[in-house]
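This is run29.tsv. It holds TSV, N, CA and C atoms.
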```tsv
chain	number	residue	atom	x	y	z
A	1	MET	N	-153.88	-66.95	42.19
A	1	MET	CA	-154.69	-68.12	42.38
A	1	MET	C	-153.81	-69.35	42.17
A	2	SER	N	-153.89	-70.28	43.07
A	2	SER	CA	-153.06	-71.49	42.97
A	2	SER	C	-153.61	-72.42	41.89
A	3	THR	N	-152.81	-73.40	41.52
A	3	THR	CA	-153.23	-74.38	40.51
A	3	THR	C	-154.46	-75.14	40.96
A	4	ASN	N	-154.49	-75.52	42.24
A	4	ASN	CA	-155.66	-76.23	42.77
A	4	ASN	C	-156.91	-75.37	42.73
A	5	GLU	N	-156.76	-74.10	43.09
A	5	GLU	CA	-157.91	-73.18	43.05
A	5	GLU	C	-158.37	-72.97	41.61
A	6	LEU	N	-157.43	-72.83	40.72
A	6	LEU	CA	-157.76	-72.64	39.31
A	6	LEU	C	-158.49	-73.86	38.76
A	7	THR	N	-158.00	-75.04	39.07
A	7	THR	CA	-158.64	-76.29	38.62
A	7	THR	C	-160.05	-76.40	39.19
A	8	ALA	N	-160.22	-76.05	40.45
A	8	ALA	CA	-161.54	-76.11	41.08
A	8	ALA	C	-162.50	-75.13	40.39
A	9	LYS	N	-162.01	-73.95	40.06
A	9	LYS	CA	-162.84	-72.95	39.35
A	9	LYS	C	-163.28	-73.48	38.00
A	10	VAL	N	-162.34	-74.09	37.27
A	10	VAL	CA	-162.67	-74.62	35.95
A	10	VAL	C	-163.69	-75.74	36.07
A	11	ARG	N	-163.54	-76.61	37.05
A	11	ARG	CA	-164.52	-77.69	37.27
A	11	ARG	C	-165.90	-77.12	37.56
A	12	ARG	N	-165.94	-76.11	38.42
A	12	ARG	CA	-167.23	-75.47	38.74
A	12	ARG	C	-167.83	-74.83	37.50
A	13	LEU	N	-167.00	-74.16	36.72
A	13	LEU	CA	-167.47	-73.55	35.48
A	13	LEU	C	-168.08	-74.61	34.56
A	14	LYS	N	-167.40	-75.73	34.40
A	14	LYS	CA	-167.88	-76.81	33.54
A	14	LYS	C	-169.22	-77.36	34.04
A	15	ARG	N	-169.35	-77.54	35.37
A	15	ARG	CA	-170.62	-78.02	35.94
A	15	ARG	C	-171.74	-77.03	35.66
A	16	LEU	N	-171.46	-75.75	35.86
A	16	LEU	CA	-172.47	-74.72	35.61
A	16	LEU	C	-172.85	-74.64	34.14
A	17	GLN	N	-171.86	-74.79	33.26
A	17	GLN	CA	-172.15	-74.78	31.83
A	17	GLN	C	-173.04	-75.95	31.44
A	18	THR	N	-172.80	-77.11	32.06
A	18	THR	CA	-173.64	-78.29	31.80
A	18	THR	C	-175.07	-78.03	32.26
A	19	LYS	N	-175.22	-77.47	33.47
A	19	LYS	CA	-176.55	-77.14	33.98
A	19	LYS	C	-177.24	-76.13	33.07
A	20	ALA	N	-176.50	-75.12	32.63
A	20	ALA	CA	-177.06	-74.09	31.76
A	20	ALA	C	-177.55	-74.70	30.45
A	21	GLU	N	-176.80	-75.63	29.91
A	21	GLU	CA	-177.19	-76.28	28.66
A	21	GLU	C	-178.46	-77.11	28.88
A	22	GLU	N	-178.53	-77.81	30.01
A	22	GLU	CA	-179.73	-78.59	30.33
A	22	GLU	C	-180.94	-77.68	30.47
A	23	LEU	N	-180.77	-76.54	31.14
A	23	LEU	CA	-181.86	-75.58	31.29
A	23	LEU	C	-182.27	-75.01	29.93
A	24	LYS	N	-181.29	-74.72	29.10
A	24	LYS	CA	-181.57	-74.18	27.77
A	24	LYS	C	-182.41	-75.18	26.96
A	25	GLU	N	-182.07	-76.46	27.05
A	25	GLU	CA	-182.82	-77.50	26.34
A	25	GLU	C	-184.25	-77.59	26.87
A	26	GLU	N	-184.40	-77.50	28.20
A	26	GLU	CA	-185.73	-77.55	28.79
A	26	GLU	C	-186.57	-76.34	28.38
A	27	ILE	N	-185.95	-75.17	28.38
A	27	ILE	CA	-186.64	-73.95	27.96
A	27	ILE	C	-187.10	-74.08	26.52
A	28	THR	N	-186.22	-74.56	25.65
A	28	THR	CA	-186.56	-74.72	24.24
A	28	THR	C	-187.72	-75.70	24.07
A	29	ALA	N	-187.69	-76.81	24.82
A	29	ALA	CA	-188.76	-77.80	24.73
A	29	ALA	C	-190.11	-77.20	25.12
A	30	ILE	N	-190.13	-76.44	26.21
A	30	ILE	CA	-191.38	-75.81	26.66
A	30	ILE	C	-191.86	-74.79	25.64
A	31	GLN	N	-190.95	-73.98	25.12
A	31	GLN	CA	-191.32	-73.00	24.10
A	31	GLN	C	-191.91	-73.70	22.88
A	32	ASP	N	-191.30	-74.80	22.47
A	32	ASP	CA	-191.81	-75.54	21.31
A	32	ASP	C	-193.21	-76.09	21.57
A	33	GLU	N	-193.46	-76.57	22.79
A	33	GLU	CA	-194.80	-77.05	23.15
A	33	GLU	C	-195.83	-75.92	23.05
A	34	LEU	N	-195.48	-74.76	23.59
A	34	LEU	CA	-196.40	-73.63	23.56
A	34	LEU	C	-196.65	-73.16	22.13
A	35	LYS	N	-195.61	-73.13	21.32
A	35	LYS	CA	-195.77	-72.76	19.91
A	35	LYS	C	-196.69	-73.75	19.20
A	36	ALA	N	-196.55	-75.04	19.52
A	36	ALA	CA	-197.39	-76.06	18.90
A	36	ALA	C	-198.86	-75.86	19.25
A	37	VAL	N	-199.13	-75.47	20.50
A	37	VAL	CA	-200.51	-75.22	20.92
A	37	VAL	C	-201.09	-74.06	20.11
A	38	LEU	N	-200.34	-72.98	20.01
A	38	LEU	CA	-200.82	-71.82	19.25
A	38	LEU	C	-201.03	-72.18	17.78
A	39	THR	N	-200.10	-72.93	17.22
A	39	THR	CA	-200.20	-73.33	15.82
A	39	THR	C	-201.40	-74.25	15.61
A	40	ALA	N	-201.59	-75.21	16.50
A	40	ALA	CA	-202.70	-76.15	16.39
A	40	ALA	C	-204.05	-75.43	16.46
A	41	GLN	N	-204.11	-74.39	17.26
A	41	GLN	CA	-205.35	-73.63	17.40
A	41	GLN	C	-205.45	-72.51	16.36
A	42	ASN	N	-204.42	-72.40	15.54
A	42	ASN	CA	-204.38	-71.41	14.46
A	42	ASN	C	-204.59	-69.98	14.98
A	43	VAL	N	-203.91	-69.67	16.08
A	43	VAL	CA	-203.96	-68.33	16.65
A	43	VAL	C	-202.54	-67.83	16.86
A	44	GLU	N	-202.39	-66.52	16.90
A	44	GLU	CA	-201.08	-65.91	17.13
A	44	GLU	C	-200.90	-65.50	18.59
A	45	GLU	N	-202.01	-65.46	19.33
A	45	GLU	CA	-201.96	-65.00	20.71
A	45	GLU	C	-203.03	-65.70	21.53
A	46	MET	N	-202.70	-66.01	22.78
A	46	MET	CA	-203.69	-66.55	23.70
A	46	MET	C	-203.31	-66.20	25.13
A	47	LYS	N	-204.30	-66.24	26.00
A	47	LYS	CA	-204.06	-65.95	27.41
A	47	LYS	C	-203.92	-67.26	28.16
A	48	ALA	N	-203.03	-67.25	29.15
A	48	ALA	CA	-202.84	-68.38	30.04
A	48	ALA	C	-202.73	-67.79	31.44
A	49	GLY	N	-203.84	-67.73	32.14
A	49	GLY	CA	-203.85	-67.08	33.45
A	49	GLY	C	-203.55	-65.60	33.29
A	50	THR	N	-202.52	-65.13	33.98
A	50	THR	CA	-202.15	-63.71	33.88
A	50	THR	C	-201.15	-63.46	32.75
A	51	PHE	N	-200.82	-64.52	32.01
A	51	PHE	CA	-199.82	-64.41	30.94
A	51	PHE	C	-200.48	-64.33	29.58
A	52	LYS	N	-199.81	-63.67	28.68
A	52	LYS	CA	-200.22	-63.62	27.29
A	52	LYS	C	-199.11	-64.28	26.48
A	53	ILE	N	-199.47	-65.29	25.69
A	53	ILE	CA	-198.49	-66.02	24.88
A	53	ILE	C	-198.67	-65.56	23.44
A	54	ARG	N	-197.58	-65.20	22.79
A	54	ARG	CA	-197.64	-64.76	21.40
A	54	ARG	C	-196.64	-65.55	20.56
A	55	PHE	N	-197.07	-65.89	19.36
A	55	PHE	CA	-196.19	-66.51	18.38
A	55	PHE	C	-196.56	-65.87	17.05
A	56	ILE	N	-195.92	-64.72	16.79
A	56	ILE	CA	-196.31	-63.89	15.66
A	56	ILE	C	-195.18	-63.77	14.65
A	57	PRO	N	-195.55	-63.60	13.38
A	57	PRO	CA	-194.51	-63.40	12.37
A	57	PRO	C	-193.89	-62.00	12.51
A	58	VAL	N	-192.61	-61.94	12.30
A	58	VAL	CA	-191.89	-60.66	12.35
A	58	VAL	C	-191.09	-60.54	11.07
A	59	VAL	N	-191.28	-59.44	10.36
A	59	VAL	CA	-190.57	-59.22	9.11
A	59	VAL	C	-189.46	-58.21	9.35
A	60	SER	N	-188.28	-58.54	8.89
A	60	SER	CA	-187.17	-57.59	8.99
A	60	SER	C	-186.44	-57.57	7.66
A	61	ASN	N	-185.87	-56.44	7.35
A	61	ASN	CA	-185.10	-56.30	6.12
A	61	ASN	C	-183.63	-56.28	6.48
A	62	ARG	N	-182.89	-57.19	5.88
A	62	ARG	CA	-181.47	-57.29	6.15
A	62	ARG	C	-180.69	-57.12	4.86
A	63	PHE	N	-179.54	-56.54	5.01
A	63	PHE	CA	-178.68	-56.34	3.85
A	63	PHE	C	-178.04	-57.66	3.45
A	64	ASP	N	-178.16	-58.03	2.18
A	64	ASP	CA	-177.61	-59.29	1.67
A	64	ASP	C	-176.15	-59.07	1.28
A	65	THR	N	-175.28	-59.27	2.25
A	65	THR	CA	-173.85	-59.04	2.06
A	65	THR	C	-173.28	-59.95	0.98
A	66	ALA	N	-173.69	-61.21	0.98
A	66	ALA	CA	-173.15	-62.17	0.01
A	66	ALA	C	-173.50	-61.76	-1.42
A	67	ALA	N	-174.74	-61.37	-1.65
A	67	ALA	CA	-175.14	-60.95	-3.00
A	67	ALA	C	-174.42	-59.66	-3.40
A	68	PHE	N	-174.31	-58.72	-2.46
A	68	PHE	CA	-173.62	-57.47	-2.76
A	68	PHE	C	-172.16	-57.73	-3.10
A	69	LYS	N	-171.53	-58.62	-2.35
A	69	LYS	CA	-170.13	-58.96	-2.58
A	69	LYS	C	-169.95	-59.57	-3.96
A	70	LYS	N	-170.89	-60.41	-4.39
A	70	LYS	CA	-170.81	-61.05	-5.70
A	70	LYS	C	-170.91	-60.03	-6.84
A	71	THR	N	-171.82	-59.07	-6.68
A	71	THR	CA	-172.07	-58.13	-7.77
A	71	THR	C	-171.22	-56.87	-7.71
A	72	HIS	N	-170.72	-56.52	-6.53
A	72	HIS	CA	-169.96	-55.28	-6.37
A	72	HIS	C	-168.72	-55.53	-5.50
A	73	LEU	N	-167.88	-56.43	-5.91
A	73	LEU	CA	-166.72	-56.82	-5.09
A	73	LEU	C	-165.80	-55.65	-4.77
A	74	ASP	N	-165.51	-54.81	-5.75
A	74	ASP	CA	-164.61	-53.67	-5.50
A	74	ASP	C	-165.19	-52.72	-4.45
A	75	LEU	N	-166.46	-52.41	-4.59
A	75	LEU	CA	-167.11	-51.52	-3.63
A	75	LEU	C	-167.17	-52.18	-2.25
A	76	TYR	N	-167.48	-53.45	-2.22
A	76	TYR	CA	-167.51	-54.19	-0.97
A	76	TYR	C	-166.15	-54.10	-0.26
A	77	ASN	N	-165.08	-54.34	-1.00
A	77	ASN	CA	-163.73	-54.30	-0.43
A	77	ASN	C	-163.35	-52.93	0.10
A	78	GLN	N	-163.92	-51.88	-0.46
A	78	GLN	CA	-163.62	-50.52	0.02
A	78	GLN	C	-164.18	-50.28	1.42
A	79	TYR	N	-165.23	-51.00	1.77
A	79	TYR	CA	-165.92	-50.70	3.02
A	79	TYR	C	-165.79	-51.77	4.10
A	80	ILE	N	-165.03	-52.80	3.85
A	80	ILE	CA	-164.81	-53.77	4.92
A	80	ILE	C	-163.65	-53.30	5.79
A	81	LYS	N	-163.69	-53.68	7.03
A	81	LYS	CA	-162.59	-53.35	7.92
A	81	LYS	C	-162.37	-54.51	8.87
A	82	PRO	N	-161.14	-54.79	9.17
A	82	PRO	CA	-160.86	-55.89	10.09
A	82	PRO	C	-161.23	-55.50	11.52
A	83	THR	N	-161.75	-56.44	12.24
A	83	THR	CA	-162.06	-56.22	13.65
A	83	THR	C	-161.39	-57.33	14.46
A	84	THR	N	-161.06	-57.02	15.67
A	84	THR	CA	-160.42	-57.99	16.54
A	84	THR	C	-161.30	-58.23	17.75
A	85	SER	N	-161.46	-59.47	18.11
A	85	SER	CA	-162.20	-59.81	19.32
A	85	SER	C	-161.43	-60.92	20.02
A	86	ARG	N	-161.85	-61.21	21.23
A	86	ARG	CA	-161.19	-62.28	21.99
A	86	ARG	C	-162.23	-63.35	22.29
A	87	ARG	N	-161.82	-64.59	22.17
A	87	ARG	CA	-162.70	-65.71	22.45
A	87	ARG	C	-162.17	-66.47	23.65
A	88	PHE	N	-163.05	-66.68	24.62
A	88	PHE	CA	-162.68	-67.42	25.82
A	88	PHE	C	-163.19	-68.84	25.68
A	89	SER	N	-162.36	-69.83	25.99
A	89	SER	CA	-162.82	-71.22	25.97
A	89	SER	C	-162.03	-72.04	26.98
A	90	VAL	N	-162.66	-73.07	27.45
A	90	VAL	CA	-162.01	-74.04	28.33
A	90	VAL	C	-162.31	-75.40	27.72
A	91	VAL	N	-161.26	-76.12	27.34
A	91	VAL	CA	-161.45	-77.43	26.71
A	91	VAL	C	-160.79	-78.51	27.53
```
Mind turning this structure into structure tokens?
Amino acid sequence: MSTNELTAKVRRLKRLQTKAEELKEEITAIQDELKAVLTAQNVEEMKAGTFKIRFIPVVSNRFDTAAFKKTHLDLYNQYIKPTTSRRFSVV
């Protein structure tokens, strides 16, 4: 790929990322509006035409790594392992 082609690709990527961010913000705003309606009506679920909207509490149990590390540092160190990943960015 030539330098001009590469530059054009990066420009297109940047434009698409900007559009994606704008769409993400719009999606979040609409979701927040719908959540507010459910909260205002004090319901967890409602119908809107053929759609069902839910805003329900979900409980999950997660391991508290920070607390475990504080109280059992030696044991924590026995079970950690380094991992490698790659991060892509265009600045």
| query | In chain A, what's alpha helix (DSSP H) per DSSP? Answer as a VMD selection string? | reply | chain A and resid 3 to 40 65 to 71 73 to 79
| task | Write out as number ranges by chain all residues of chain A that DSSP puts in strand (DSSP E) for this structure's backbone. | result | A: 45-48, 51-54
Go ahead and save the residues from that selection, with N, CA and C atoms, as a PDB file, keeping the file's coordinate frame.
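Heads up, here's the output in selection02.pdb:
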```pdb
ATOM      1  N   GLU A  45    -202.010 -65.460  19.330  1.00  0.00           N
ATOM      2  CA  GLU A  45    -201.960 -65.000  20.710  1.00  0.00           C
ATOM      3  C   GLU A  45    -203.030 -65.700  21.530  1.00  0.00           C
ATOM      4  N   MET A  46    -202.700 -66.010  22.780  1.00  0.00           N
ATOM      5  CA  MET A  46    -203.690 -66.550  23.700  1.00  0.00           C
ATOM      6  C   MET A  46    -203.310 -66.200  25.130  1.00  0.00           C
ATOM      7  N   LYS A  47    -204.300 -66.240  26.000  1.00  0.00           N
ATOM      8  CA  LYS A  47    -204.060 -65.950  27.410  1.00  0.00           C
ATOM      9  C   LYS A  47    -203.920 -67.260  28.160  1.00  0.00           C
ATOM     10  N   ALA A  48    -203.030 -67.250  29.150  1.00  0.00           N
ATOM     11  CA  ALA A  48    -202.840 -68.380  30.040  1.00  0.00           C
ATOM     12  C   ALA A  48    -202.730 -67.790  31.440  1.00  0.00           C
ATOM     13  N   PHE A  51    -200.820 -64.520  32.010  1.00  0.00           N
ATOM     14  CA  PHE A  51    -199.820 -64.410  30.940  1.00  0.00           C
ATOM     15  C   PHE A  51    -200.480 -64.330  29.580  1.00  0.00           C
ATOM     16  N   LYS A  52    -199.810 -63.670  28.680  1.00  0.00           N
ATOM     17  CA  LYS A  52    -200.220 -63.620  27.290  1.00  0.00           C
ATOM     18  C   LYS A  52    -199.110 -64.280  26.480  1.00  0.00           C
ATOM     19  N   ILE A  53    -199.470 -65.290  25.690  1.00  0.00           N
ATOM     20  CA  ILE A  53    -198.490 -66.020  24.880  1.00  0.00           C
ATOM     21  C   ILE A  53    -198.670 -65.560  23.440  1.00  0.00           C
ATOM     22  N   ARG A  54    -197.580 -65.200  22.790  1.00  0.00           N
ATOM     23  CA  ARG A  54    -197.640 -64.760  21.400  1.00  0.00           C
ATOM     24  C   ARG A  54    -196.640 -65.550  20.560  1.00  0.00           C
TER      25      ARG A  54
END
```
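Shortest separation to Lys52 (chain A) among A:Leu34, A:Thr83, A:Lys69, A:Lys9 occurs at residue A:Leu34, atoms counted being only C-alpha atoms.
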Quick one: axis-aligned box around all listed atoms of region 24-27 of chain A, 4 Å on every side, centre and edge lengths in Å to one decimal, written as lines of an AutoDock Vina configuration file.
```
center_x = -184.2
center_y = -75.8
center_z = 27.7
size_x = 13.8
size_y = 11.6
size_z = 10.8
```
| task | Take atom C of Arg12 (chain A) and CA of Val91 (chain A) and report the distance between them in Å, one decimal. | result |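 One can read the atom C of Arg12 (chain A) to CA of Val91 (chain A) distance as 12.8 Å.
Of note, CA of Thr39 (chain A) and CA of Arg54 (chain A) are spaced 10.5 Å apart.
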| Which of these, A:Ser2, A:Glu44, A:Leu75, A:Val37, has the shortest distance to Pro57 (chain A) once you count all atoms listed in the file? |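 Using all atoms listed in the file, Pro57 (chain A) sits closest to A:Glu44.
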| query | CA of Phe63 (chain A) and CA of Pro82 (chain A), how far apart in Å? | reply | 18.9 Å
